[in-house]
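Trainee: Just passing along the structure, written as structure tokens.
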Amino acid sequence: MASCSTPTPSPAPAPGVPVPTPYPYAAEPAFPGYGVIGPQPEGLPLHACMGLNACAGSDRFGLFGAPGREPNACAGQGYCSTGADHTCHVQNECKGQGGCGLYGTGEEMNNPGANACRSQGSCATPINAERFSTNGPNQGQSVWLRARAVFEANWEATRLELLATQKGGASQPLPATLGPPPAAFAGTGPSYLWISGDNDARGNMTACGSSGMSGAGGCS
């Protein structure tokens with residue numbers, strides 16, 4: 001006789017742990033890891049996150065590309081940050097390497113990835129897709145989408161500045177038009193699921209703070 005007993009419910013995820021779902025980035029190269037950044041083109045600026053790279057071969061995987069793949073072919077197409085990973089406000093090592101979202105002024109939060117100097121960046125890198133600005137004109141909105149919009153708006157001036165400093169010839173092509181970010185992340189930026197390897201490598205998540213602001217339930 002068939003049993004009509006109520007099935008035992010599955011245990012709820014622990015606080016800060018996302019509900020399991022099919023991993024959506026199986027076709028993408030795995031995030032290399034916290035602090036793991038491939039060799040970069042000489043003389044080109046480092047950057048704060050995915051899709052903010054100034055030339056070909058400048059992304060998290062560097063000149064050799066992700067395992068089994070060619071390096072990214074164009075400015076704006078790169079996989080994630082190349083500046084030294086850091087966890088919070090004012091910890092960036094150079095211009096253009098500050099993230100944004102949790103601490104800082106409204107002006108800083110409206111210009112993620114475009115800080116003018118060392119220690120002027122607002123918050124951690126990489127900029128995971130779930131992070132939002134807590135101050136300024138972009139308050140409540142995606143940090144990464146704002147960073148990409150700022151990068152696009154500044155690209156013509158950035159390109160001309162780089163060309164002027166490379167009179168002997170650019171080490172990598174500097175196109176007039178930016179390429180798109182990797183398609184799986186084009187509308188969001190790099191999700192914490194990708195950065196954390198489907199939640200297995202939480203140490204890759206550098207943005208500490210409350211779960212909503214870091215998008216990762218804090219750091220572990």
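We name chains A, B, ... following the order of the structure tokens; residues begin at 1 in each chain, and ligands are numbered from 1 as shown.
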List the neighbours of stretch 53-68 of chain A out to 9 Å using only C-alpha atoms; skip same-chain residues closer than 4 positions along the sequence, and give me the result as an NGL selection string.
Mentor: :A and (29-32 or 36-41 or 44-49 or 72-82 or 155 or 158-159 or 162 or 171-175 or 178)
Trainee: So how far away is atom CA of A:Arg69 from atom CA of A:Leu193, in Å?
Mentor: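 So the two atoms, atom CA of A:Leu193 and atom CA of A:Arg69, lie 21.1 Å apart.
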Trainee: What is the distance between atom CA of A:Tyr192 and atom CA of A:Asn128, in Å to one decimal?
Mentor: 5.6 Å
Trainee: Can you tell me how far atom CA of A:Gly33 sits from atom CA of A:Pro180, in Å to one decimal?
Mentor: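 For atom CA of A:Gly33 relative to atom CA of A:Pro180, the distance reads 23.1 Å.
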